[in-house]
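Novice: Got a file for you: data_35.txt, compact mmCIF, C-alpha atoms.
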# COMPACT_ATOMS: atom_id res chain seq x y z
CA MET A 1118 -188.20 -98.69 62.88
CA LYS A 1119 -185.04 -97.24 61.31
CA ARG A 1120 -186.69 -93.82 61.05
CA LEU A 1121 -187.78 -94.03 64.70
CA LYS A 1122 -184.22 -94.89 65.80
CA LYS A 1123 -182.82 -91.94 63.81
CA LEU A 1124 -185.38 -89.63 65.41
CA ILE A 1125 -184.46 -90.85 68.93
CA VAL A 1126 -180.73 -90.40 68.22
CA TRP A 1127 -181.16 -86.82 66.90
CA CYS A 1128 -183.32 -85.88 69.90
CA ALA A 1129 -180.64 -87.18 72.23
CA VAL A 1130 -177.96 -85.18 70.40
CA GLY A 1131 -180.12 -82.09 70.70
CA LEU A 1132 -180.60 -82.54 74.43
CA ILE A 1133 -176.84 -83.04 74.95
CA LEU A 1134 -176.01 -79.86 73.01
CA GLU A 1135 -178.69 -77.85 74.83
CA ASN A 1136 -177.40 -78.96 78.26
CA ALA A 1137 -173.82 -78.21 77.20
CA ILE A 1138 -174.83 -74.65 76.26
CA PHE A 1139 -176.64 -74.15 79.59
CA ILE A 1140 -173.57 -75.41 81.50
CA TYR A 1141 -171.31 -73.05 79.54
CA ILE A 1142 -173.54 -70.02 80.19
CA ASN A 1143 -173.85 -70.87 83.89
CA THR A 1144 -170.09 -71.38 84.23
CA PHE A 1145 -168.80 -68.36 82.35
CA TYR A 1146 -171.64 -65.76 82.26
CA LEU A 1147 -173.62 -66.40 85.40
CA ASN A 1148 -170.69 -67.26 87.66
CA HIS A 1149 -171.24 -65.60 91.04
CA ASN A 1150 -167.50 -65.04 91.36
CA LEU A 1151 -167.51 -62.82 88.27
CA THR A 1152 -166.37 -59.30 89.16
CA ILE A 1153 -168.28 -56.44 87.55
CA LYS A 1154 -166.68 -53.00 87.71
CA ALA A 1155 -169.07 -50.07 87.65
CA VAL A 1156 -167.64 -46.91 86.15
CA LYS A 1157 -169.33 -43.59 86.84
CA VAL A 1158 -169.57 -41.52 83.67
CA GLU A 1159 -169.50 -37.84 84.45
CA LYS A 1160 -170.74 -35.26 81.99
CA LYS A 1161 -168.27 -32.59 81.07
CA GLN A 1162 -169.33 -29.36 82.69
CA VAL A 1163 -169.93 -26.58 80.21
CA GLY A 1164 -169.05 -23.14 81.44
CA PRO A 1165 -171.54 -20.27 81.47
CA ASP A 1166 -171.99 -18.14 78.37
CA LYS A 1167 -169.47 -15.33 78.20
CA ASN A 1168 -171.83 -13.10 76.25
CA VAL A 1169 -170.65 -10.29 74.00
CA GLN A 1170 -169.47 -6.77 74.68
CA ILE A 1171 -171.63 -4.35 72.66
CA PRO A 1172 -170.19 -0.83 72.24
CA SER A 1173 -172.55 1.94 73.29
CA ASP A 1174 -172.51 3.51 69.81
CA SER A 1175 -173.46 0.25 68.05
CA THR A 1176 -176.42 0.26 65.68
CA ASN A 1177 -178.77 -2.34 64.18
CA VAL A 1178 -178.03 -4.98 66.83
CA GLN A 1179 -179.56 -8.33 65.82
CA ALA A 1180 -179.54 -11.85 67.27
CA SER A 1181 -179.51 -15.20 65.47
CA PHE A 1182 -182.50 -17.49 65.96
CA ASP A 1183 -180.98 -19.26 68.99
CA GLY A 1184 -179.30 -16.17 70.39
CA ARG A 1185 -175.82 -17.63 70.06
CA PHE A 1186 -174.58 -14.93 67.68
CA ILE A 1187 -175.07 -11.17 67.86
CA SER A 1188 -174.45 -8.87 64.90
CA TYR A 1189 -174.05 -5.11 64.97
CA TYR A 1190 -172.56 -2.12 63.21
CA GLU A 1191 -169.79 -0.15 64.90
CA GLY A 1192 -169.22 2.89 62.74
CA ASP A 1193 -168.46 1.59 59.25
CA SER A 1194 -167.53 -1.87 60.55
CA PHE A 1195 -169.92 -4.81 60.64
CA LYS A 1196 -169.23 -7.32 63.40
CA VAL A 1197 -170.59 -10.62 64.68
CA GLY A 1198 -170.07 -11.73 68.28
CA ASN A 1199 -170.25 -15.26 69.65
CA ARG A 1200 -172.24 -15.14 72.87
CA VAL A 1201 -170.87 -18.54 74.00
CA SER A 1202 -167.15 -17.86 73.54
CA GLY A 1203 -167.26 -14.08 73.86
CA SER A 1204 -165.26 -13.63 70.65
CA VAL A 1205 -166.09 -10.93 68.07
CA ASN A 1206 -165.28 -11.14 64.36
CA GLU A 1207 -165.34 -8.27 61.91
CA ILE A 1208 -166.88 -9.16 58.56
CA ILE A 1209 -164.58 -7.69 55.95
CA PRO A 1210 -166.40 -6.48 52.83
CA ALA A 1211 -165.00 -6.81 49.33
CA LYS A 1212 -162.51 -4.20 48.13
CA ASN A 1213 -164.06 -0.71 47.85
CA MET A 1214 -167.39 -2.09 49.14
CA SER A 1215 -169.32 -1.66 52.38
CA VAL A 1216 -171.94 -3.82 54.12
CA CYS A 1217 -175.28 -2.09 53.63
CA TYR A 1218 -177.75 -4.75 54.77
CA SER A 1219 -177.80 -7.86 56.96
CA LYS A 1220 -180.42 -10.29 58.20
CA TRP A 1221 -180.25 -13.59 60.08
CA MET A 1222 -182.00 -16.54 58.49
CA PRO A 1223 -184.73 -18.26 60.53
CA GLU A 1224 -183.81 -21.51 62.29
CA ASP A 1225 -180.14 -21.30 61.30
CA ASN A 1226 -176.97 -19.42 62.22
CA LEU A 1227 -176.59 -18.15 58.67
CA MET A 1228 -176.90 -14.55 57.58
CA LEU A 1229 -177.59 -12.89 54.26
CA LEU A 1230 -175.46 -9.81 53.56
CA ALA A 1231 -175.58 -7.11 50.91
CA GLU A 1232 -172.71 -4.85 49.91
CA LYS A 1233 -172.58 -1.75 47.74
CA PRO A 1234 -169.68 0.28 46.30
CA LYS A 1235 -168.27 3.01 48.55
CA ASP A 1236 -167.81 5.26 45.54
CA SER A 1237 -171.34 5.16 44.21
CA ALA A 1238 -170.59 7.88 41.64
CA LYS A 1239 -169.10 5.24 39.34
CA SER A 1240 -171.76 2.52 39.50
CA HIS A 1241 -174.86 1.53 41.41
CA TYR A 1242 -175.41 -2.10 42.36
CA LEU A 1243 -175.72 -4.50 45.27
CA THR A 1244 -173.90 -7.81 45.67
CA LEU A 1245 -175.16 -10.61 47.91
CA TYR A 1246 -173.25 -12.86 50.27
CA SER A 1247 -174.04 -15.56 52.81
CA TYR A 1248 -172.23 -15.66 56.13
CA ASP A 1249 -171.86 -18.81 58.23
CA ALA A 1250 -171.42 -17.66 61.82
CA LYS A 1251 -170.37 -21.07 63.14
CA LYS A 1252 -167.53 -21.34 60.62
CA ASN A 1253 -166.91 -17.59 60.39
CA THR A 1254 -166.92 -17.84 56.61
CA LYS A 1255 -168.38 -15.43 54.07
CA ARG A 1256 -169.36 -16.67 50.62
CA GLU A 1257 -170.30 -14.68 47.55
CA LEU A 1258 -173.56 -15.82 46.00
CA LEU A 1259 -173.05 -17.18 42.51
CA ASP A 1260 -175.74 -18.23 40.07
CA PHE A 1261 -175.90 -21.45 38.01
CA ASN A 1262 -173.44 -19.95 35.51
CA MET A 1263 -170.99 -19.08 38.32
CA LYS A 1264 -171.69 -15.37 37.91
CA THR A 1265 -171.94 -12.99 40.85
CA VAL A 1266 -175.49 -12.25 41.95
CA LYS A 1267 -175.96 -8.49 41.54
CA ILE A 1268 -178.95 -6.20 41.86
CA ASP A 1269 -178.73 -3.06 39.76
CA ILE A 1270 -180.00 0.10 41.43
CA SER A 1271 -180.58 3.54 39.94
CA SER A 1272 -179.08 5.64 42.73
CA LYS A 1273 -176.98 5.35 45.89
CA LYS A 1274 -180.09 6.04 47.98
CA GLU A 1275 -181.68 2.75 46.97
CA ASN A 1276 -181.07 -0.14 49.32
CA ILE A 1277 -182.53 -3.42 50.56
CA GLU A 1278 -185.35 -2.77 53.00
CA ASP A 1279 -186.35 -6.32 53.89
CA ILE A 1280 -185.70 -9.96 53.05
CA VAL A 1281 -187.97 -12.94 53.76
CA PHE A 1282 -187.05 -16.63 53.49
CA SER A 1283 -188.99 -19.73 52.51
CA THR A 1284 -186.93 -22.27 54.45
CA SER A 1285 -188.24 -25.45 52.79
CA THR A 1286 -188.13 -24.24 49.19
CA HIS A 1287 -184.96 -22.12 49.67
CA VAL A 1288 -186.61 -19.18 47.92
CA ILE A 1289 -185.79 -15.65 49.05
CA TYR A 1290 -187.76 -12.46 48.41
CA ILE A 1291 -185.93 -9.15 48.51
CA LYS A 1292 -187.67 -5.82 48.94
CA LEU A 1293 -185.77 -2.86 47.53
CA SER A 1294 -186.58 0.69 48.58
CA LYS A 1295 -186.59 3.11 45.66
CA VAL A 1296 -186.86 6.85 45.22
CA GLY A 1297 -190.25 8.37 46.01
CA GLY A 1298 -191.34 5.60 48.39
CA ARG A 1299 -191.62 3.03 45.64
CA SER A 1300 -190.52 -0.58 46.03
CA GLY A 1301 -188.92 -3.21 43.84
CA ILE A 1302 -189.27 -6.93 44.56
CA TYR A 1303 -186.76 -9.58 43.53
CA THR A 1304 -186.73 -13.31 44.10
CA LEU A 1305 -183.74 -15.62 44.45
CA ASN A 1306 -184.29 -19.36 43.97
CA VAL A 1307 -182.29 -22.34 45.18
CA MET A 1308 -179.95 -22.00 42.16
CA ASN A 1309 -179.34 -18.33 43.07
CA GLN A 1310 -181.14 -17.17 39.94
CA LEU A 1311 -182.30 -13.60 40.46
CA GLU A 1312 -185.59 -12.46 38.93
CA LYS A 1313 -187.73 -9.37 39.30
CA VAL A 1314 -191.21 -10.00 40.69
CA ASN A 1315 -194.19 -8.34 39.05
CA ALA A 1316 -196.44 -7.64 42.03
CA ASN A 1317 -198.66 -5.18 40.09
CA CYS A 1318 -197.89 -2.61 42.76
CA SER A 1319 -195.10 -0.06 43.20
CA PHE A 1320 -195.95 0.92 46.77
CA ILE A 1321 -195.46 -2.13 48.97
CA GLY A 1322 -195.47 -2.29 52.76
CA LYS A 1323 -194.58 -5.35 54.81
CA ILE A 1324 -193.77 -8.60 53.05
CA ALA A 1325 -193.83 -12.31 53.98
CA THR A 1326 -193.55 -15.77 52.53
CA LEU A 1327 -194.30 -19.25 53.85
CA ALA A 1328 -191.92 -22.02 54.86
CA GLY A 1329 -193.49 -24.66 52.65
CA ASN A 1330 -194.19 -22.81 49.38
CA THR A 1331 -193.06 -19.87 47.28
CA ASN A 1332 -196.08 -17.60 47.73
CA PHE A 1333 -195.24 -13.91 48.02
CA ILE A 1334 -197.50 -12.08 50.47
CA TYR A 1335 -197.43 -8.31 50.73
CA GLU A 1336 -199.25 -5.15 51.74
CA ASP A 1337 -200.55 -3.17 48.79
CA LYS A 1338 -200.25 0.39 50.13
CA VAL A 1339 -202.24 1.84 47.22
CA TYR A 1340 -205.46 -0.04 48.01
CA ASN A 1341 -204.55 -0.93 51.62
CA LYS A 1342 -205.03 -4.63 50.98
CA ILE A 1343 -202.98 -7.72 51.83
CA LYS A 1344 -202.37 -9.77 48.71
CA ASN A 1345 -201.05 -13.24 47.94
CA LEU A 1346 -199.04 -13.74 44.76
CA ASP A 1347 -198.86 -17.43 43.86
CA GLY A 1348 -196.99 -17.65 40.57
CA ASN A 1349 -199.12 -15.63 38.17
CA SER A 1350 -202.20 -15.82 40.40
CA LEU A 1351 -202.89 -12.77 42.57
CA LYS A 1352 -205.53 -12.92 45.31
CA GLU A 1353 -206.68 -10.57 48.03
CA LEU A 1354 -206.43 -12.03 51.51
CA SER A 1355 -208.06 -9.12 53.32
CA LYS A 1356 -211.15 -7.18 52.30
CA ASN A 1357 -210.89 -4.85 55.29
CA LYS A 1358 -208.55 -1.90 54.89
CA ASN A 1359 -207.65 -1.91 58.59
CA PHE A 1360 -205.39 -4.96 58.37
CA THR A 1361 -201.61 -5.18 58.55
CA LEU A 1362 -199.27 -8.06 57.84
CA LEU A 1363 -197.46 -9.33 60.94
CA ALA A 1364 -195.58 -12.58 60.26
CA SER A 1365 -195.69 -16.22 59.21
CA ASP A 1366 -194.55 -19.31 61.11
CA LYS A 1367 -192.82 -22.57 60.18
CA ASN A 1368 -196.20 -24.34 59.90
CA ASP A 1369 -197.33 -22.06 57.04
CA LYS A 1370 -199.68 -20.04 59.22
CA LEU A 1371 -200.02 -16.36 58.36
CA TYR A 1372 -200.61 -13.70 61.05
CA ILE A 1373 -202.52 -10.51 60.30
CA GLY A 1374 -203.35 -7.70 62.72
CA GLU A 1375 -206.49 -5.61 62.78
CA PHE A 1376 -205.76 -2.05 63.79
CA GLU A 1377 -207.57 1.06 64.91
CA ASN A 1378 -205.79 4.40 65.28
CA ASN A 1379 -202.60 2.62 64.17
CA LEU A 1380 -202.72 0.20 67.12
CA ILE A 1381 -203.40 -3.54 66.86
CA ASN A 1382 -206.37 -4.85 68.84
CA LYS A 1383 -206.85 -8.29 67.23
CA ILE A 1384 -204.62 -10.89 65.61
CA PHE A 1385 -205.98 -13.27 62.97
CA PHE A 1386 -204.00 -16.35 61.98
CA GLY A 1387 -204.63 -19.29 59.68
CA ASP A 1388 -203.96 -20.98 56.37
CA ILE A 1389 -203.89 -18.74 53.29
CA ASN A 1390 -206.11 -21.22 51.45
CA THR A 1391 -208.81 -20.78 54.10
CA PRO A 1392 -211.02 -17.65 54.11
CA MET A 1393 -209.98 -15.15 56.79
CA ASP A 1394 -213.39 -15.24 58.46
CA LYS A 1395 -212.58 -18.84 59.45
CA TRP A 1396 -209.17 -18.03 60.91
CA GLN A 1397 -208.47 -18.10 64.63
CA ILE A 1398 -208.56 -14.80 66.51
CA VAL A 1399 -206.56 -13.51 69.46
CA ASN A 1400 -208.09 -10.50 71.17
CA LEU A 1401 -205.42 -8.35 72.75
CA PRO A 1402 -206.12 -6.99 76.25
CA SER A 1403 -205.19 -3.49 75.09
CA PRO A 1404 -204.24 -1.96 71.72
CA ILE A 1405 -200.53 -2.18 70.92
CA ALA A 1406 -198.14 -1.05 68.21
CA SER A 1407 -197.36 -3.73 65.62
CA LYS A 1408 -193.61 -3.41 66.33
CA ASN A 1409 -194.30 -4.67 69.86
CA ILE A 1410 -195.94 -7.90 68.68
CA ILE A 1411 -193.60 -10.89 68.46
CA ILE A 1412 -194.56 -14.10 66.69
CA THR A 1413 -192.11 -16.97 67.00
CA ARG A 1414 -191.37 -19.56 64.33
CA ASP A 1415 -193.37 -22.16 66.28
CA GLY A 1416 -196.43 -19.91 66.29
CA ARG A 1417 -196.42 -18.45 69.80
CA ILE A 1418 -197.67 -14.89 70.16
CA PHE A 1419 -196.02 -12.45 72.57
CA THR A 1420 -196.46 -8.77 73.32
CA HIS A 1421 -193.55 -6.57 74.31
CA ASN A 1422 -193.82 -3.72 76.79
CA PRO A 1423 -190.62 -1.70 76.36
CA ILE A 1424 -191.52 0.73 79.16
CA GLU A 1425 -191.91 -2.00 81.78
CA GLY A 1426 -189.24 -4.19 80.21
CA SER A 1427 -191.43 -7.27 79.90
CA ILE A 1428 -192.67 -9.92 77.48
CA CYS A 1429 -196.15 -11.44 77.83
CA ASN A 1430 -197.19 -14.82 76.40
CA MET A 1431 -200.67 -14.28 74.96
CA GLU A 1432 -201.69 -17.92 75.45
CA SER A 1433 -200.67 -18.32 79.10
CA ASN A 1434 -200.67 -14.62 80.11
CA VAL A 1435 -197.33 -15.29 81.82
CA ILE A 1436 -195.10 -12.20 81.96
CA THR A 1437 -191.30 -12.35 81.89
CA LYS A 1438 -189.34 -9.26 82.86
CA TYR A 1439 -185.87 -8.46 81.59
CA GLU A 1440 -183.17 -5.87 82.21
CA GLY A 1441 -181.47 -3.58 79.72
CA LYS A 1442 -182.29 -2.75 76.11
CA PHE A 1443 -184.39 -5.35 74.32
CA ILE A 1444 -182.81 -6.95 71.25
CA ASP A 1445 -184.88 -9.99 70.33
CA LEU A 1446 -186.78 -13.04 71.54
CA CYS A 1447 -184.83 -16.19 70.64
CA THR A 1448 -185.15 -19.89 71.40
CA CYS A 1449 -182.88 -19.40 74.43
CA GLY A 1450 -185.01 -16.58 75.85
CA ILE A 1451 -184.98 -12.79 75.80
CA ILE A 1452 -181.79 -11.19 74.49
CA SER A 1453 -181.04 -7.74 75.86
CA VAL A 1454 -178.02 -5.48 76.33
CA LEU A 1455 -177.22 -4.40 79.89
CA ASN A 1456 -174.16 -2.27 80.67
CA ASN A 1457 -172.85 -2.82 77.13
CA LYS A 1458 -173.03 -6.60 77.50
CA THR A 1459 -175.54 -9.12 76.18
CA LYS A 1460 -177.82 -10.75 78.70
CA VAL A 1461 -180.20 -13.73 78.37
CA THR A 1462 -183.40 -13.97 80.37
CA PRO A 1463 -185.18 -17.34 80.04
CA LEU A 1464 -188.92 -17.19 79.49
CA LYS A 1465 -191.13 -18.22 82.41
Please express the file's structure as structure tokens.
Specialist:
Amino acid sequence: MKRLKKLIVWCAVGLILENAIFIYINTFYLNHNLTIKAVKVEKKQVGPDKNVQIPSDSTNVQASFDGRFISYYEGDSFKVGNRVSGSVNEIIPAKNMSVCYSKWMPEDNLMLLAEKPKDSAKSHYLTLYSYDAKKNTKRELLDFNMKTVKIDISSKKENIEDIVFSTSTHVIYIKLSKVGGRSGIYTLNVMNQLEKVNANCSFIGKIATLAGNTNFIYEDKVYNKIKNLDGNSLKELSKNKNFTLLASDKNDKLYIGEFENNLINKIFFGDINTPMDKWQIVNLPSPIASKNIIITRDGRIFTHNPIEGSICNMESNVITKYEGKFIDLCTCGIISVLNNKTKVTPLK
């Protein structure tokens, strides 16, 4: 009986507390006389892009991946313009040096720069820098021992011809043009350690790497083959001599063009660990020069018609026309220069 009485008492206490809570909520939170003020939150209006003035005598005009920054050479000066603010910054080289190579990194507003001595009679070498366009800061690349990353060259005519980036592994491959059409390949790892790559070939054409691994893929111009160097393992990707390397995307797909009379008529793409005869194929409506094929980082294939001033999406066959001189296809659309000013044309 005592236990039953205790149980009845605790149930009663519980009901009293529950009703007290309901009364409190009804009185203070659900009161119909409560005034609620609605405030309209307005988004701050962002002004239109101011674009960048590009002098008519500018050379090697390039755009960053999103089209926000535009780099170009004006005489001996190397400059980077901000297409949003309209400002232009000159990138000052080190003392007695000049900027001899530049390339934007994929999927970032960072650029890799190379400088060489102006007076090349004394010494021949290249030094590497990274440039952060958002912060407008230039940083000399230093290795693990805090030493400047330098590439020795044998003459002033030698220079960097191309650089490719593996974005996930932070490995960079550098192609150096040498005397007599020969090439030298160097690799730079995440610790900025520079090493020479033994590709078993001195005459190398286009180069590529993949986002997710450190494979070095290149055109062997001696045997006209596309090869894949994975560490010490060297494999042929193409058996046909009429193939040319086009690009790679962020999903580790490689794109190879089949050509006839130096014009591409088919594009093969797939995984390098899968035989090429099992890759997907895109048949082009008409043969086209490889320089007019654009493959984006997300794997979309476009063809560029510079005469008509248009870009065609090969999947949808939708054509987007633009005005002015074509610069690049970025995430924001087509970047061109019209009347010495950058212009953006969104893709259809």
Novice: Could you state the separation of CA of Trp1221 (chain A) and CA of Asn1262 (chain A) in Å, given to one decimal place?
Specialist: 26.3 Å
Novice: Let me make sure I understand: among A:Lys1344, A:Leu1363, A:Phe1376, A:Ile1444, which one has the smallest atom-to-atom distance to Ile1411 (chain A) if we use only C-alpha atoms?
Specialist: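 Counting only C-alpha atoms, the residue closest to Ile1411 (chain A) is A:Leu1363.
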Novice: In Å to one decimal, how far is CA of Ser1181 (chain A) from CA of Pro1234 (chain A)?
Specialist: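 We find that CA of Pro1234 (chain A) and CA of Ser1181 (chain A) lie 26.5 Å from each other.
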Novice: For CA of Ile1277 (chain A) and CA of Gly1301 (chain A), determine how far apart the two atoms are, in Å to one decimal place.
Specialist: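 Result for CA of Ile1277 (chain A) versus CA of Gly1301 (chain A): 9.3 Å, one decimal.
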Novice: Go through A:Phe1333, A:Tyr1242, A:Phe1419, A:Phe1386 and flag the residue nearest Thr1265 (chain A), using all atoms listed in the file for the distances.
Specialist: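 Closest to Thr1265 (chain A) of all the choices is A:Tyr1242.
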Novice: Please provide the set of residues having any atom within 12 Å of Thr1391 (chain A), restricted to only C-alpha atoms, with same-chain residues fewer than 4 positions apart removed, written as a ChimeraX atom specification.
Specialist: /A:1354-1355,1369-1371,1385-1387,1395-1397
Novice: Hey, which of A:Val1314, A:Tyr1303, A:Leu1362, A:Val1266 ends up closest to Asn1349 (chain A)? Count all atoms listed in the file.
Specialist: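 Checking each candidate against Asn1349 (chain A), we get A:Val1314 as the closest.
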Novice: Which of these, A:Val1454, A:Cys1318, A:Cys1449, A:Ile1324, has the shortest distance to Lys1338 (chain A) once you count all atoms listed in the file?
Specialist: A:Cys1318
Novice: Find, counting only C-alpha atoms, the residue in A:Gln1310, A:Thr1448, A:Ser1433, A:Asn1199 that gets nearest to Gln1170 (chain A).
Specialist: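 Counting only C-alpha atoms, the residue closest to Gln1170 (chain A) is A:Asn1199.
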Novice: Can you pull out the residues contacting Thr1244 (chain A)? Cut-off 10 Å, using all atoms listed in the file, and skip same-chain residues under 4 positions away; I want them as a list in words.
Specialist: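 Everything that qualifies: Ala1211, Met1214, Val1216, Cys1217, Leu1230, Ala1231, Glu1232, Lys1233, Pro1234, Glu1257, Leu1258, Leu1259, Thr1265, Val1266, Lys1267, Ile1268 and Asp1269 of chain A.
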Novice: Go ahead and write the selection's residues with C-alpha atoms as a compact mmCIF listing (two decimals), keeping the file's coordinate frame.
Specialist:
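Final file, result02.txt:
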# COMPACT_ATOMS: atom_id res chain seq x y z
CA ALA A 1211 -165.00 -6.81 49.33
CA MET A 1214 -167.39 -2.09 49.14
CA VAL A 1216 -171.94 -3.82 54.12
CA CYS A 1217 -175.28 -2.09 53.63
CA LEU A 1230 -175.46 -9.81 53.56
CA ALA A 1231 -175.58 -7.11 50.91
CA GLU A 1232 -172.71 -4.85 49.91
CA LYS A 1233 -172.58 -1.75 47.74
CA PRO A 1234 -169.68 0.28 46.30
CA GLU A 1257 -170.30 -14.68 47.55
CA LEU A 1258 -173.56 -15.82 46.00
CA LEU A 1259 -173.05 -17.18 42.51
CA THR A 1265 -171.94 -12.99 40.85
CA VAL A 1266 -175.49 -12.25 41.95
CA LYS A 1267 -175.96 -8.49 41.54
CA ILE A 1268 -178.95 -6.20 41.86
CA ASP A 1269 -178.73 -3.06 39.76
Novice: Choose the residue, out of A:Leu1243, A:Met1263, A:Ile1412, A:Met1431, that has the smallest atom-to-atom separation from Asn1400 (chain A); count all atoms listed in the file.
Specialist: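 When distances to Asn1400 (chain A) are compared using all atoms listed in the file, the smallest one comes from A:Met1431.
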Novice: Excluding same-chain residues fewer than 6 positions from region 1171-1180 of chain A, what lies within 6 Å of it counting all atoms listed in the file, as a PyMOL selection string?
Specialist: chain A and resi 1186-1191+1457-1458
Novice: Using only C-alpha atoms, which residues sit within 8 Å of Ser1427 (chain A) once same-chain residues fewer than 4 positions away are excluded, as an mmCIF file with C-alpha atoms, in the coordinates of the input?
Specialist:
data_model
loop_
_atom_site.group_PDB
_atom_site.id
_atom_site.type_symbol
_atom_site.label_atom_id
_atom_site.label_comp_id
_atom_site.auth_asym_id
_atom_site.auth_seq_id
_atom_site.Cartn_x
_atom_site.Cartn_y
_atom_site.Cartn_z
ATOM 1 C CA HIS A 1421 -193.550 -6.570 74.310
ATOM 2 C CA ASN A 1422 -193.820 -3.720 76.790
ATOM 3 C CA PRO A 1423 -190.620 -1.700 76.360
ATOM 4 C CA ILE A 1436 -195.100 -12.200 81.960
ATOM 5 C CA THR A 1437 -191.300 -12.350 81.890
ATOM 6 C CA LYS A 1438 -189.340 -9.260 82.860
ATOM 7 C CA TYR A 1439 -185.870 -8.460 81.590
#
Novice: Compile the contact shell of Arg1256 (chain A) as a PyMOL selection string: residues with an atom at most 10 Å away, counting only C-alpha atoms, same-chain residues fewer than 2 positions apart removed.
Specialist: chain A and resi 1229-1230+1245-1249+1254+1258-1259
Novice: For a cutoff of 10 Å around the file-coordinate point (-207.5, -9.8, 67.2), which residues qualify once you count all atoms listed in the file? I'd like the result as number ranges by chain.
Specialist: A: 1373-1376, 1381-1386, 1397-1402, 1404
